[in-house]
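Participant: Handing you this structure, nothing more for now.
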Amino acid sequence: MTMDKKPNILLIYTGGTIGMVKDYESGALKAFDFNTLLKNIPELNQLECNIESVSFEPPLDSSNMNPEHWATIAALIESNYANYEGFVVLHGSDTMSYTASALSFMLENLSKPVIFTGSQLPIGDLRTDAKENLITSIQIAALQEKGVSVIQEVGLYFEYKLYRANRTTKINAEQFQAFNSLNYPPLAESGVHLKVYKEYIKKAKPRKKLKVHKLMDTNVAILKIFPGLNESVLTSVLNIPNLKALVLETYGAGNAPTEKWLLNCLKNAIDRGMHIVNVTQCSGGSVIMGQYVTSKGLKKMQVINGKDITTEAAITKLMYLLGSNVSSTMFKTIFETSLRGEMR
Ligand code: ASP
């Protein structure tokens, strides 16, 4: 008798367009159950792995995802970790980069692939992108070399490219290429062959046990600076009750107006213990505090340098660090350190 050495893959279906159908009455897209989704892809039976699945009940449009759902996904991975070689999370594309970034922080010492995917068109649609996205995601999650998973981190696969999940942003609401990762190259590309770029893959620390963090502190906010931002708006945001941290989306390389009231408001908040992270509004490139006069004041008052992190990774990293009770003296240093390959 030969032993079945095929990798076991767990599909976690959370919802999203991939499994939606048109509601006949309203014409709007709504989620349908997972078995119907699987019936639409008989090709899954040909893959060299054993696939099992669990499904959110009811499946969600990802606009309704919140940190409690992230914790549910983390718990599912934790309780099934020993029995599966890889995980594929089917998720709506709207907030996929947030969920996937959050999971990258929640799953410390991950050494198996967790691949997020979804689609722009439902699986039953004639021109759907769902089949390729799902089939290749499963193949990537099942990739092994000498019995070890090739991908050992949280990835996001969409339209022929596998990215490091916490480097991605949704960039398009209608094209099949819905995501991009402007500050980090793809980890793999699918064409006639599946090319894995090993030099960019994160290697798990040997013999470290998976540690799952489910507590995310949501006393955080994002504020995008814009010409005309006034004092009343800024002070209102900074005085939100219990607010502990703010992602400040600045211009270009981390620049902001140098008006006194603005710098004073930010400095007062920092003095009160608020963590303010400087992240650029640009989709690519990095914050370089001190490069222009317009960021010198921010640097001086100890605004946290978000470097080339995405807003999605910044806000979820804040929730994770606050949820882990990182001390206020270490907070800036730890935030500025790359924990899961999310920043330079
Ligand atoms: N609204 C959908 C969602 O995010 C869009 C998608 O799945 O792509 O759930």
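Each chain in the structure tokens gets a letter, A, B and so on, in the order shown; residues start at 1 in every chain, and ligands are counted from 1 in the order they appear.
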Please give me, as a PyMOL selection string, the residues lying within 6 Å of ligand 1 when counting only C-alpha atoms and all ligand atoms.
Facilitator: chain A and resi 16-17+61-63+92-95+119-120
Participant: For Trp261 in chain A, work out the shell of residues within 10 Å, counting only C-alpha atoms and skipping chain neighbours fewer than 2 positions away, then give it as a ChimeraX atom specification.
Facilitator: /A:230-231,234-235,257-259,263-267
Participant: May I have a table of the residues of range 240-314 of chain A lying at most 9 Å from range 99-102 of chain A, giving each one's closest pair of atoms and their distance in Å to one decimal, counting only C-alpha atoms, ordered by chain and ascending residue number, as CSV?
Facilitator:
residue,atom,partner,partner_atom,distance
A:Glu312,CA,A:Ser101,CA,6.7
A:Ala313,CA,A:Ser101,CA,5.3
A:Ala314,CA,A:Ser101,CA,8.8
Participant: Go through range 66-261 of chain A and collect every residue that DSSP, computed from the backbone, puts in strand (DSSP E); the answer should be as a ChimeraX atom specification.
Facilitator: /A:86-90,107-108,114-117,144-145,148-149,154-158,161-164,169-170,179-180,188-190,194-196,211-212,220-224,245-250
Participant: Looking at A:Asp308, A:Val237, A:Met106, A:Ile276, which one is nearest to Leu321 in chain A, with distances taken over only C-alpha atoms?
Facilitator: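 Of A:Asp308, A:Val237, A:Met106, A:Ile276, the one nearest Leu321 in chain A, counting only C-alpha atoms, is A:Met106.
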Participant: Run DSSP on the backbone of this structure and report the residues of range 133-270 of chain A it assigns to helix (DSSP H, G or I), as a ChimeraX atom specification.
Facilitator: /A:133-142,165-167,198-200,231-238,260-270
Participant: Find the distance between CA of Asn66 in chain A and CA of Ala142 in chain A and write it in Å to one decimal.
Facilitator: 28.1 Å
Participant: Which one is closest to Ser55 in chain A: A:Leu11, A:Ile77, A:Met319, A:Leu215? Count only C-alpha atoms.
Facilitator: A:Leu11
Participant: Fewer than 3 positions away in the same chain doesn't count, so skip those; otherwise give me all residues within 12 Å of Lys208 in chain A, counting only C-alpha atoms, as a ChimeraX atom specification.
Facilitator: /A:107-111,203-205,211
Participant: Could those residues be written to a file, using all heavy atoms, as a compact mmCIF listing (two decimals), in the first residue's frame?
Facilitator:
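File produced: out-v9.txt:
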# COMPACT_ATOMS: atom_id res chain seq x y z
N LEU A 107 -0.58 36.22 12.58
CA LEU A 107 0.03 34.89 12.52
C LEU A 107 1.55 35.00 12.65
O LEU A 107 2.27 35.04 11.65
CB LEU A 107 -0.34 34.20 11.21
CG LEU A 107 -1.85 34.05 10.93
CD1 LEU A 107 -2.10 33.55 9.51
CD2 LEU A 107 -2.51 33.12 11.94
N GLU A 108 2.03 35.05 13.87
CA GLU A 108 3.48 35.19 14.10
C GLU A 108 4.16 33.82 13.92
O GLU A 108 3.61 32.80 14.31
CB GLU A 108 3.70 35.71 15.53
CG GLU A 108 5.14 36.09 15.79
CD GLU A 108 5.35 36.64 17.20
OE1 GLU A 108 4.37 36.89 17.93
OE2 GLU A 108 6.53 36.81 17.57
N ASN A 109 5.33 33.82 13.32
CA ASN A 109 6.10 32.58 13.05
C ASN A 109 5.38 31.65 12.07
O ASN A 109 5.54 30.43 12.15
CB ASN A 109 6.39 31.79 14.33
CG ASN A 109 7.19 32.60 15.31
OD1 ASN A 109 7.99 33.44 14.92
ND2 ASN A 109 6.95 32.38 16.59
N LEU A 110 4.63 32.22 11.15
CA LEU A 110 3.95 31.41 10.14
C LEU A 110 5.00 30.70 9.28
O LEU A 110 5.96 31.33 8.85
CB LEU A 110 3.08 32.33 9.27
CG LEU A 110 2.22 31.68 8.21
CD1 LEU A 110 1.08 30.90 8.86
CD2 LEU A 110 1.62 32.75 7.28
N SER A 111 4.82 29.41 9.05
CA SER A 111 5.78 28.72 8.18
C SER A 111 5.06 27.95 7.06
O SER A 111 5.65 27.14 6.37
CB SER A 111 6.67 27.77 8.99
OG SER A 111 5.86 26.79 9.60
N LYS A 203 11.51 33.82 4.52
CA LYS A 203 11.80 32.49 5.07
C LYS A 203 11.37 32.45 6.52
O LYS A 203 11.69 33.36 7.29
CB LYS A 203 13.30 32.18 4.96
CG LYS A 203 13.71 31.77 3.56
CD LYS A 203 13.41 30.28 3.29
CE LYS A 203 13.16 29.97 1.84
NZ LYS A 203 11.78 29.93 1.38
N ALA A 204 10.65 31.40 6.90
CA ALA A 204 10.20 31.28 8.29
C ALA A 204 11.39 31.00 9.19
O ALA A 204 12.37 30.39 8.77
CB ALA A 204 9.20 30.14 8.39
N LYS A 205 11.29 31.48 10.44
CA LYS A 205 12.37 31.20 11.39
C LYS A 205 12.26 29.73 11.79
O LYS A 205 11.19 29.26 12.17
CB LYS A 205 12.21 32.08 12.63
CG LYS A 205 12.42 33.54 12.36
CD LYS A 205 12.61 34.31 13.66
CE LYS A 205 12.50 35.80 13.40
NZ LYS A 205 11.25 36.36 13.92
N LYS A 211 2.35 31.46 16.60
CA LYS A 211 1.73 32.15 17.72
C LYS A 211 0.63 33.04 17.13
O LYS A 211 0.91 33.84 16.22
CB LYS A 211 2.80 33.03 18.38
CG LYS A 211 2.55 33.31 19.83
CD LYS A 211 3.82 33.87 20.44
CE LYS A 211 3.48 34.78 21.59
NZ LYS A 211 4.60 35.60 22.01
Participant: Within 12 Å of Glu153 in chain A, counting only C-alpha atoms, which residues qualify if same-chain residues fewer than 5 places away don't, as an MDAnalysis selection string?
Facilitator: chainID A and resid 86:88 100:101 103:116 140:141 162:166 187 200:205 210 339:342
Participant: Please provide the set of residues having any atom within 8 Å of Ala130 in chain A, restricted to only C-alpha atoms, with same-chain residues fewer than 6 positions apart removed, written as a PyMOL selection string.
Facilitator: chain A and resi 18+118-123
Participant: Mind writing the picked residues with all heavy atoms as a CSV table (one decimal), in the first residue's frame?
Facilitator:
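Result file part12.csv:
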chain,number,residue,atom,x,y,z
A,18,ILE,N,-16.5,36.3,-5.9
A,18,ILE,CA,-16.2,35.0,-6.4
A,18,ILE,C,-17.4,34.0,-6.3
A,18,ILE,O,-17.7,33.2,-7.2
A,18,ILE,CB,-14.9,34.4,-5.8
A,18,ILE,CG1,-14.4,33.2,-6.5
A,18,ILE,CG2,-15.1,34.1,-4.3
A,18,ILE,CD1,-12.9,32.9,-6.3
A,118,GLY,N,-9.6,36.0,-4.7
A,118,GLY,CA,-11.0,36.3,-5.0
A,118,GLY,C,-11.2,36.5,-6.4
A,118,GLY,O,-10.4,36.0,-7.2
A,119,SER,N,-12.2,37.4,-6.8
A,119,SER,CA,-12.3,37.6,-8.3
A,119,SER,C,-13.1,38.9,-8.5
A,119,SER,O,-13.8,39.3,-7.6
A,119,SER,CB,-12.9,36.4,-9.0
A,119,SER,OG,-14.2,36.3,-8.5
A,120,GLN,N,-13.0,39.4,-9.7
A,120,GLN,CA,-13.8,40.6,-10.1
A,120,GLN,C,-15.2,40.2,-10.7
A,120,GLN,O,-16.1,40.9,-10.6
A,120,GLN,CB,-13.1,41.4,-11.2
A,120,GLN,CG,-11.8,42.1,-10.7
A,120,GLN,CD,-12.1,43.3,-9.9
A,120,GLN,OE1,-12.8,43.3,-8.9
A,120,GLN,NE2,-11.5,44.5,-10.3
A,121,LEU,N,-15.2,38.9,-11.2
A,121,LEU,CA,-16.5,38.4,-11.8
A,121,LEU,C,-16.9,37.1,-11.0
A,121,LEU,O,-16.0,36.3,-10.7
A,121,LEU,CB,-16.4,38.1,-13.3
A,121,LEU,CG,-16.4,39.3,-14.2
A,121,LEU,CD1,-16.1,38.9,-15.7
A,121,LEU,CD2,-17.7,40.1,-14.1
A,122,PRO,N,-18.2,36.9,-10.8
A,122,PRO,CA,-18.6,35.7,-10.1
A,122,PRO,C,-18.1,34.4,-10.9
A,122,PRO,O,-18.0,34.4,-12.1
A,122,PRO,CB,-20.1,35.8,-10.1
A,122,PRO,CG,-20.4,37.2,-10.3
A,122,PRO,CD,-19.3,37.8,-11.1
A,123,ILE,N,-18.0,33.3,-10.1
A,123,ILE,CA,-17.5,32.1,-10.7
A,123,ILE,C,-18.3,31.5,-11.8
A,123,ILE,O,-17.8,30.9,-12.7
A,123,ILE,CB,-17.3,31.1,-9.6
A,123,ILE,CG1,-16.3,30.0,-10.0
A,123,ILE,CG2,-18.6,30.4,-9.1
A,123,ILE,CD1,-15.0,30.0,-9.3
Participant: Could you give me, as a PyMOL selection string, the residues within 12 Å of Ser327 in chain A, counting only C-alpha atoms and dropping anything in the same chain fewer than 6 positions from it?
Facilitator: chain A and resi 273+275+321+333-335
Participant: Any chance you can output those residues with all heavy atoms as a PDB file, in the first residue's frame?
Facilitator:
ATOM      1  N   GLY A 273       0.381  61.240  24.292  1.00  0.00           N
ATOM      2  CA  GLY A 273       0.581  59.788  24.195  1.00  0.00           C
ATOM      3  C   GLY A 273       0.029  59.159  22.926  1.00  0.00           C
ATOM      4  O   GLY A 273       0.047  57.944  22.761  1.00  0.00           O
ATOM      5  N   HIS A 275      -0.017  57.911  19.133  1.00  0.00           N
ATOM      6  CA  HIS A 275       0.988  57.470  18.161  1.00  0.00           C
ATOM      7  C   HIS A 275       0.536  57.948  16.783  1.00  0.00           C
ATOM      8  O   HIS A 275      -0.547  57.578  16.330  1.00  0.00           O
ATOM      9  CB  HIS A 275       1.099  55.949  18.153  1.00  0.00           C
ATOM     10  CG  HIS A 275       1.352  55.380  19.520  1.00  0.00           C
ATOM     11  ND1 HIS A 275       2.546  55.556  20.180  1.00  0.00           N
ATOM     12  CD2 HIS A 275       0.564  54.664  20.352  1.00  0.00           C
ATOM     13  CE1 HIS A 275       2.483  54.956  21.356  1.00  0.00           C
ATOM     14  NE2 HIS A 275       1.289  54.422  21.490  1.00  0.00           N
ATOM     15  N   LEU A 321      -0.277  46.101  17.270  1.00  0.00           N
ATOM     16  CA  LEU A 321       0.662  46.518  18.327  1.00  0.00           C
ATOM     17  C   LEU A 321      -0.091  47.029  19.554  1.00  0.00           C
ATOM     18  O   LEU A 321       0.277  46.736  20.694  1.00  0.00           O
ATOM     19  CB  LEU A 321       1.631  47.591  17.802  1.00  0.00           C
ATOM     20  CG  LEU A 321       2.620  47.139  16.716  1.00  0.00           C
ATOM     21  CD1 LEU A 321       3.545  48.282  16.326  1.00  0.00           C
ATOM     22  CD2 LEU A 321       3.458  45.947  17.186  1.00  0.00           C
ATOM     23  N   THR A 333       9.848  52.553  17.937  1.00  0.00           N
ATOM     24  CA  THR A 333      10.918  51.685  17.431  1.00  0.00           C
ATOM     25  C   THR A 333      10.337  50.411  16.826  1.00  0.00           C
ATOM     26  O   THR A 333      10.753  49.980  15.739  1.00  0.00           O
ATOM     27  CB  THR A 333      11.862  51.276  18.590  1.00  0.00           C
ATOM     28  OG1 THR A 333      12.186  52.461  19.301  1.00  0.00           O
ATOM     29  CG2 THR A 333      13.098  50.583  18.105  1.00  0.00           C
ATOM     30  N   ILE A 334       9.374  49.820  17.518  1.00  0.00           N
ATOM     31  CA  ILE A 334       8.806  48.563  16.995  1.00  0.00           C
ATOM     32  C   ILE A 334       8.024  48.821  15.720  1.00  0.00           C
ATOM     33  O   ILE A 334       8.135  48.082  14.744  1.00  0.00           O
ATOM     34  CB  ILE A 334       7.931  47.856  18.062  1.00  0.00           C
ATOM     35  CG1 ILE A 334       8.822  47.459  19.240  1.00  0.00           C
ATOM     36  CG2 ILE A 334       7.225  46.634  17.475  1.00  0.00           C
ATOM     37  CD1 ILE A 334       8.150  46.676  20.329  1.00  0.00           C
ATOM     38  N   PHE A 335       7.245  49.918  15.684  1.00  0.00           N
ATOM     39  CA  PHE A 335       6.493  50.201  14.456  1.00  0.00           C
ATOM     40  C   PHE A 335       7.445  50.389  13.281  1.00  0.00           C
ATOM     41  O   PHE A 335       7.175  49.952  12.157  1.00  0.00           O
ATOM     42  CB  PHE A 335       5.580  51.423  14.596  1.00  0.00           C
ATOM     43  CG  PHE A 335       4.587  51.499  13.459  1.00  0.00           C
ATOM     44  CD1 PHE A 335       3.297  51.041  13.615  1.00  0.00           C
ATOM     45  CD2 PHE A 335       4.986  51.958  12.200  1.00  0.00           C
ATOM     46  CE1 PHE A 335       2.411  51.040  12.546  1.00  0.00           C
ATOM     47  CE2 PHE A 335       4.110  51.960  11.119  1.00  0.00           C
ATOM     48  CZ  PHE A 335       2.816  51.503  11.303  1.00  0.00           C
TER      49      PHE A 335
END
Participant: Extract, using only C-alpha atoms, all DNA, RNA and protein residues at most 10 Å from Ile309 in chain A, discarding same-chain residues fewer than 4 positions from it, and format them as a list in words.
Facilitator: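 Result of the neighbour search: Asn166, Arg167, Thr168, Asn183, Asn278, Val279, Thr280, Ser283, Gly284, Gly285, Ser286, Val287, Asn305, Ala313, Ala314, Ile315, Lys317, Glu336, Ser338, Gly341, Glu342, Met343 and Arg344 of chain A.
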Participant: Can you list every residue of range 131-222 of chain A that has an atom at most 8 Å from range 36-52 of chain A, with its nearest atom pair and the distance in Å to one decimal, using only C-alpha atoms, ordered by chain then number, as a Markdown table?
Facilitator:
| residue | atom | partner | partner_atom | distance |
| --- | --- | --- | --- | --- |
| A:Lys131 | CA | A:Ile41 | CA | 7.0 |
| A:Ile135 | CA | A:Leu44 | CA | 6.9 |
| A:Gln139 | CA | A:Leu47 | CA | 7.4 |
| A:Ala142 | CA | A:Cys49 | CA | 6.8 |
Participant: Write a file of the just-selected residues containing all heavy atoms, as a short mmCIF file (atom, residue, chain, number, x, y, z; two decimals), in the first residue's frame.
Facilitator:
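Saved as again37.cif:
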data_model
loop_
_atom_site.label_atom_id
_atom_site.label_comp_id
_atom_site.auth_asym_id
_atom_site.auth_seq_id
_atom_site.Cartn_x
_atom_site.Cartn_y
_atom_site.Cartn_z
N LYS A 131 -11.83 31.27 -11.78
CA LYS A 131 -11.27 29.92 -11.89
C LYS A 131 -9.75 29.96 -11.84
O LYS A 131 -9.13 29.22 -11.09
CB LYS A 131 -11.71 29.25 -13.20
CG LYS A 131 -13.15 28.82 -13.13
CD LYS A 131 -13.53 27.95 -14.29
CE LYS A 131 -15.01 27.67 -14.19
NZ LYS A 131 -15.49 26.75 -15.20
N ILE A 135 -7.69 28.26 -8.82
CA ILE A 135 -6.88 27.07 -9.11
C ILE A 135 -5.40 27.35 -8.85
O ILE A 135 -4.71 26.57 -8.18
CB ILE A 135 -7.12 26.60 -10.57
CG1 ILE A 135 -8.54 26.02 -10.68
CG2 ILE A 135 -6.09 25.56 -11.01
CD1 ILE A 135 -9.00 25.73 -12.07
N GLN A 139 -2.72 25.75 -6.14
CA GLN A 139 -1.42 25.17 -6.55
C GLN A 139 -0.27 25.80 -5.77
O GLN A 139 0.65 25.12 -5.34
CB GLN A 139 -1.20 25.38 -8.05
CG GLN A 139 -2.01 24.39 -8.88
CD GLN A 139 -1.73 24.53 -10.36
OE1 GLN A 139 -1.54 25.65 -10.85
NE2 GLN A 139 -1.74 23.42 -11.07
N ALA A 142 -0.07 24.59 -2.32
CA ALA A 142 0.34 23.18 -2.24
C ALA A 142 1.81 22.98 -2.64
O ALA A 142 2.34 21.88 -2.52
CB ALA A 142 -0.56 22.34 -3.13
#
Participant: For Thr117 in chain A, which of A:Gly19, A:Gly297, A:Gly155, A:Pro241 is the closest residue, counting only C-alpha atoms?
Facilitator: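 Going through A:Gly19, A:Gly297, A:Gly155, A:Pro241 one by one, the smallest distance to Thr117 in chain A is for A:Gly155.
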